[in-house]
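Trainee: Can you keep this structure in mind? I'll have questions shortly.
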Amino acid sequence: MINKISPTIAQALADVQDGATVLIGGFGTAGIPNELIDGLIAQGAHELTVVNNNAGNGDTGLAALLKTGRVRKIICSFPRQADSFVFDELYRSRKIELELVPQGNLTERLRAAGAGVGAFFTPTGFGTELAKNTDGSPKETRRINGKDYVLEYPIYGDLALIKAEIGDRWGNLTYRKAARNFGPVMAAAAKFTVATVHHIAELGELNPEAIVTPGIYVSKIVKIDHVATLAGGFKSA
Amino acid sequence: MYIKRSKDELAQRVAQDIFDGAYVNLGIGQPTLVANHIPTHIEVVLHSENGILGMGSAPAKAEEDYDLINAGKQPVTLRAGGAFFHHADSFAMMRGGHLDICVLGAFQVSATGDLANWSTGEPGSIPAVGGAMDLAIGAKQTWVMMDLLTKTGESKVVQSCTYPLTGIGCVKRIYTDLATFECTPQGLKVIDTVNGLTYAELKRLLGIPVMR
């Protein structure tokens, strides 16, 4: 029998290794798996590489993880925000490495990882500073049918932390509104994917036509409470 | 004598050129104002990079849903017919040339349509790019909306960008508070100017060749 439902976040995250690459979903206030990030902080893995669109806001969630000093490197598209002071301080004091990636390349590199694509040519970033590797060397380029492209490689995750809406014991997931964002691509790009859900459905209850992430991409799901917070996505009824 | 277009007048000028049935992405900041001026007799579908088509206006107070936000992380609404999709699909819509128009802000645009809008390249500043590079080269038409001059009076439309590039030859039109331009491989062409601004004065402000 398949049962991917984990009773606690601590159990779901028990095997995270030091040095892991952790893909963390979310964009702005939507889809940030704060409960799983807190679980990762409690779990204690070190020397992490984190992939997220941003680099944390305020001093909770991802920012709290960064503050522990356990993140060696962050791969993101938009680290600088009005309230990204935790990251800003770490970056300025050279305590964290940054790989800045255009948002579409970031998500396509994740998609490539999940889809078994070895690398891909993208027009995004051609002729810009971001067509360079972090050591300053130029990325490979190619002109195809008169248009210029940059070669980009997949981003593989050891772990993905995803915030979903409804899940079942096979790990099938649906999302809520724009909280879907990076969830489906990250779920496929990681060896081990943990998703929080607000409801657990009986097997067969989710409409097969409406399942967004099929359970094959999901390792564990954990039910969390509906929280009426800005970062949680829900307003109290 | 001439009077500059206000931010709303500029947004209105941009909105005038958006056609019925267009799929449009409005960048963060000033371009979001364009949504308020889209003529009511046409139907336009707004795209948001975080996985929304059919984005609607801001919600009423106390109706905010923080799972439904735009690229600027502000709460929005979804219109009837709207759809949600994941990030890879959202950026495939850009890169794949499915969006008709995107409207972006800029630090500089070159006469041939090179765009600089993500970094001023200041030493010590923290770089951030977001979806700017994907949008710039992805949409069928990339339009820029900005003041023509910097606070110190230099033209932001230039022969060649000095700020780090976002994309090469990707801007088709530049809407400014003083004039509207087309970027062509042959150089800059003026489409219109505000009342009273002469071609000679515009040329002086630009400091680079401009075709009529």
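Every chain in the structure tokens has a letter given in the order shown (A, B, ...), and although residue numbers restart at 1 in each chain, ligands are simply numbered from 1 in the order shown.
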Using only C-alpha atoms, determine which residues of chain B fall within 10 Å of chain A; present them as number ranges by chain.

Mentor: B: 48-52, 62-75, 78, 83-92, 94-95, 116, 124-138, 164-168

Trainee: Within chain A, find each residue whose DSSP state, derived from the backbone, is strand (DSSP E or B), and express the selection as a ChimeraX atom specification.

Mentor: /A:5,21-24,27,30,48-51,71-76,97-100,120-122,132,138,141-144,147-152,157-163,166-167,173-174,190-197,199-200,213,220-223

Trainee: Keeping only C-alpha atoms, write the selected residues as a PDB file, in the first residue's frame.

Mentor:
```
ATOM      1  CA  ILE A   5       0.933  10.980   4.353  1.00  0.00           C
ATOM      2  CA  THR A  21      20.166  21.435  -2.573  1.00  0.00           C
ATOM      3  CA  VAL A  22      16.726  22.483  -1.360  1.00  0.00           C
ATOM      4  CA  LEU A  23      14.115  23.811  -3.779  1.00  0.00           C
ATOM      5  CA  ILE A  24      11.633  26.022  -1.948  1.00  0.00           C
ATOM      6  CA  PHE A  27       6.430  33.747  -4.893  1.00  0.00           C
ATOM      7  CA  ALA A  30       1.764  32.967  -2.176  1.00  0.00           C
ATOM      8  CA  LEU A  48      22.578  23.970   2.121  1.00  0.00           C
ATOM      9  CA  THR A  49      22.050  25.383  -1.346  1.00  0.00           C
ATOM     10  CA  VAL A  50      18.606  26.973  -1.515  1.00  0.00           C
ATOM     11  CA  VAL A  51      16.640  27.670  -4.692  1.00  0.00           C
ATOM     12  CA  VAL A  71      22.740  28.214   3.760  1.00  0.00           C
ATOM     13  CA  ARG A  72      25.960  28.332   1.770  1.00  0.00           C
ATOM     14  CA  LYS A  73      24.468  29.452  -1.511  1.00  0.00           C
ATOM     15  CA  ILE A  74      21.202  30.786  -2.855  1.00  0.00           C
ATOM     16  CA  ILE A  75      20.013  30.538  -6.455  1.00  0.00           C
ATOM     17  CA  CYS A  76      17.246  33.057  -7.153  1.00  0.00           C
ATOM     18  CA  GLU A  97      27.012  32.966  -2.336  1.00  0.00           C
ATOM     19  CA  LEU A  98      24.435  34.270  -4.828  1.00  0.00           C
ATOM     20  CA  GLU A  99      23.691  32.842  -8.249  1.00  0.00           C
ATOM     21  CA  LEU A 100      21.340  35.304  -9.934  1.00  0.00           C
ATOM     22  CA  PHE A 120      18.777  23.783 -23.263  1.00  0.00           C
ATOM     23  CA  PHE A 121      19.329  26.875 -25.393  1.00  0.00           C
ATOM     24  CA  THR A 122      17.323  29.895 -24.249  1.00  0.00           C
ATOM     25  CA  LYS A 132      28.190  34.585 -17.718  1.00  0.00           C
ATOM     26  CA  PRO A 138      30.979  33.320 -20.729  1.00  0.00           C
ATOM     27  CA  THR A 141      26.025  30.405 -26.909  1.00  0.00           C
ATOM     28  CA  ARG A 142      24.723  29.371 -30.286  1.00  0.00           C
ATOM     29  CA  ARG A 143      22.975  31.035 -33.199  1.00  0.00           C
ATOM     30  CA  ILE A 144      20.050  28.878 -34.305  1.00  0.00           C
ATOM     31  CA  LYS A 147      18.515  33.880 -33.371  1.00  0.00           C
ATOM     32  CA  ASP A 148      21.006  33.889 -30.486  1.00  0.00           C
ATOM     33  CA  TYR A 149      20.709  31.565 -27.501  1.00  0.00           C
ATOM     34  CA  VAL A 150      22.533  30.798 -24.251  1.00  0.00           C
ATOM     35  CA  LEU A 151      23.100  27.244 -23.037  1.00  0.00           C
ATOM     36  CA  GLU A 152      21.620  26.687 -19.584  1.00  0.00           C
ATOM     37  CA  GLY A 157      17.152  19.322  -6.102  1.00  0.00           C
ATOM     38  CA  ASP A 158      17.842  16.827  -3.360  1.00  0.00           C
ATOM     39  CA  LEU A 159      14.736  18.091  -1.616  1.00  0.00           C
ATOM     40  CA  ALA A 160      11.740  20.204  -2.649  1.00  0.00           C
ATOM     41  CA  LEU A 161       9.503  21.941  -0.147  1.00  0.00           C
ATOM     42  CA  ILE A 162       6.119  22.763  -1.642  1.00  0.00           C
ATOM     43  CA  LYS A 163       2.936  24.346  -0.378  1.00  0.00           C
ATOM     44  CA  ILE A 166      -5.301  19.332  -1.290  1.00  0.00           C
ATOM     45  CA  GLY A 167      -3.450  16.011  -1.406  1.00  0.00           C
ATOM     46  CA  LEU A 173      -1.762  17.522  -5.382  1.00  0.00           C
ATOM     47  CA  THR A 174      -3.885  20.510  -6.242  1.00  0.00           C
ATOM     48  CA  ALA A 190      13.846  17.032  -6.669  1.00  0.00           C
ATOM     49  CA  LYS A 191      14.713  13.505  -5.569  1.00  0.00           C
ATOM     50  CA  PHE A 192      12.529  13.927  -2.494  1.00  0.00           C
ATOM     51  CA  THR A 193       9.505  16.234  -2.405  1.00  0.00           C
ATOM     52  CA  VAL A 194       7.547  17.183   0.685  1.00  0.00           C
ATOM     53  CA  ALA A 195       4.304  19.104   0.297  1.00  0.00           C
ATOM     54  CA  THR A 196       2.063  20.644   2.910  1.00  0.00           C
ATOM     55  CA  VAL A 197      -1.667  20.559   2.224  1.00  0.00           C
ATOM     56  CA  HIS A 199      -6.934  19.119   3.241  1.00  0.00           C
ATOM     57  CA  ILE A 200      -6.335  15.422   2.742  1.00  0.00           C
ATOM     58  CA  THR A 213       0.988  17.477  -9.607  1.00  0.00           C
ATOM     59  CA  LYS A 220       5.537  12.971   1.539  1.00  0.00           C
ATOM     60  CA  ILE A 221       2.543  15.132   2.309  1.00  0.00           C
ATOM     61  CA  VAL A 222       1.791  16.703   5.661  1.00  0.00           C
ATOM     62  CA  LYS A 223      -1.493  18.296   6.637  1.00  0.00           C
TER      63      LYS A 223
END
```

Trainee: Quick one: pull the distance between atom CA of B:Met93 and atom CA of B:His47, Å, one decimal.

Mentor: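 Distance between the two atoms: 9.2 Å.
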
Trainee: Given the choices B:Met145, B:Arg204, B:Leu197, B:Arg212, which gets closest to B:Tyr2 if the distance is worked out from only C-alpha atoms?

Mentor: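 Among the listed residues, B:Leu197 lies closest to B:Tyr2.
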
Trainee: May I have all residues of stretch 36-236 of chain A that DSSP, computed from the backbone, assigns to alpha helix (DSSP H), given as JSON, numbers by chain?

Mentor: {"A": [36, 37, 38, 39, 40, 41, 42, 43, 62, 63, 64, 65, 66, 67, 85, 86, 87, 88, 89, 90, 91, 92, 103, 104, 105, 106, 107, 108, 109, 110, 111, 112, 113, 114, 115, 183, 184, 185, 186, 187, 188, 189]}

Trainee: Could you save the residues just selected, with C-alpha atoms, as an mmCIF file, in the first residue's frame?

Mentor:
```
data_model
loop_
_atom_site.group_PDB
_atom_site.id
_atom_site.type_symbol
_atom_site.label_atom_id
_atom_site.label_comp_id
_atom_site.auth_asym_id
_atom_site.auth_seq_id
_atom_site.Cartn_x
_atom_site.Cartn_y
_atom_site.Cartn_z
ATOM 1 C CA LEU A 36 8.363 23.161 6.116
ATOM 2 C CA ILE A 37 11.082 25.820 6.237
ATOM 3 C CA ASP A 38 10.648 25.963 10.021
ATOM 4 C CA GLY A 39 10.878 22.156 10.012
ATOM 5 C CA LEU A 40 14.124 22.321 8.063
ATOM 6 C CA ILE A 41 15.522 24.810 10.567
ATOM 7 C CA ALA A 42 14.584 22.428 13.406
ATOM 8 C CA GLN A 43 16.043 19.468 11.510
ATOM 9 C CA LEU A 62 13.283 31.626 4.328
ATOM 10 C CA ALA A 63 14.863 34.668 5.993
ATOM 11 C CA ALA A 64 14.915 32.754 9.300
ATOM 12 C CA LEU A 65 16.617 29.816 7.569
ATOM 13 C CA LEU A 66 19.242 32.147 6.082
ATOM 14 C CA LYS A 67 19.761 33.706 9.498
ATOM 15 C CA PHE A 85 17.564 42.676 5.252
ATOM 16 C CA VAL A 86 18.669 39.219 6.432
ATOM 17 C CA PHE A 87 19.924 38.266 2.984
ATOM 18 C CA ASP A 88 21.345 41.749 2.337
ATOM 19 C CA GLU A 89 23.507 41.559 5.451
ATOM 20 C CA LEU A 90 24.756 38.019 4.663
ATOM 21 C CA TYR A 91 25.516 38.980 1.056
ATOM 22 C CA ARG A 92 27.331 42.191 1.960
ATOM 23 C CA GLN A 103 13.183 34.022 -13.495
ATOM 24 C CA GLY A 104 12.198 32.181 -16.670
ATOM 25 C CA ASN A 105 15.606 30.517 -16.893
ATOM 26 C CA LEU A 106 15.310 29.544 -13.234
ATOM 27 C CA THR A 107 11.989 27.797 -13.749
ATOM 28 C CA GLU A 108 13.058 26.230 -17.056
ATOM 29 C CA ARG A 109 16.259 24.895 -15.476
ATOM 30 C CA LEU A 110 14.103 23.297 -12.789
ATOM 31 C CA ARG A 111 11.741 21.964 -15.432
ATOM 32 C CA ALA A 112 14.689 20.517 -17.375
ATOM 33 C CA ALA A 113 15.899 18.740 -14.231
ATOM 34 C CA GLY A 114 12.516 17.133 -13.726
ATOM 35 C CA ALA A 115 12.122 16.254 -17.393
ATOM 36 C CA GLY A 183 5.367 24.032 -6.902
ATOM 37 C CA PRO A 184 4.791 21.691 -9.853
ATOM 38 C CA VAL A 185 8.215 22.230 -11.463
ATOM 39 C CA MET A 186 10.088 21.935 -8.172
ATOM 40 C CA ALA A 187 8.187 18.791 -7.193
ATOM 41 C CA ALA A 188 9.456 17.123 -10.367
ATOM 42 C CA ALA A 189 13.003 18.505 -10.088
#
```

Trainee: Please measure the separation of atom CA of A:Ile211 and atom CA of A:Trp170, giving the value in Å to one decimal.

Mentor: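 The value is 11.6 Å.
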
Trainee: Need the shell around B:Gly81: protein/DNA/RNA residues with any atom at most 10 Å away, counting only C-alpha atoms. Skip same-chain ones fewer than 4 positions apart. Format as number ranges by chain?

Mentor: B: 45, 53-55

Trainee: Extract, using only C-alpha atoms, all DNA, RNA and protein residues at most 9 Å from B:Phe107, discarding same-chain residues fewer than 3 positions from it, and format them as a PyMOL selection string.

Mentor: chain B and resi 115-120+146+150+156-157+163

Trainee: Could those selected residues go to a file with C-alpha atoms, as a PDB file, in the first residue's frame?

Mentor:
```
ATOM      1  CA  LEU B 115      16.925  47.754 -23.162  1.00  0.00           C
ATOM      2  CA  ALA B 116      18.574  48.443 -19.798  1.00  0.00           C
ATOM      3  CA  ASN B 117      16.110  48.155 -16.934  1.00  0.00           C
ATOM      4  CA  TRP B 118      17.416  45.703 -14.344  1.00  0.00           C
ATOM      5  CA  SER B 119      20.609  47.104 -12.889  1.00  0.00           C
ATOM      6  CA  THR B 120      22.416  50.407 -12.669  1.00  0.00           C
ATOM      7  CA  MET B 146       9.265  56.120 -18.911  1.00  0.00           C
ATOM      8  CA  THR B 150      16.598  61.805 -16.087  1.00  0.00           C
ATOM      9  CA  LYS B 156      17.191  58.075 -21.312  1.00  0.00           C
ATOM     10  CA  VAL B 157      16.880  57.280 -24.996  1.00  0.00           C
ATOM     11  CA  TYR B 163      23.798  50.535 -17.988  1.00  0.00           C
TER      12      TYR B 163
END
```

Trainee: Would you mind telling me which residue in B:Ser160, B:Thr112, B:Thr142, B:Thr176 lies nearest to B:Gly27 when using only C-alpha atoms?

Mentor: B:Thr142
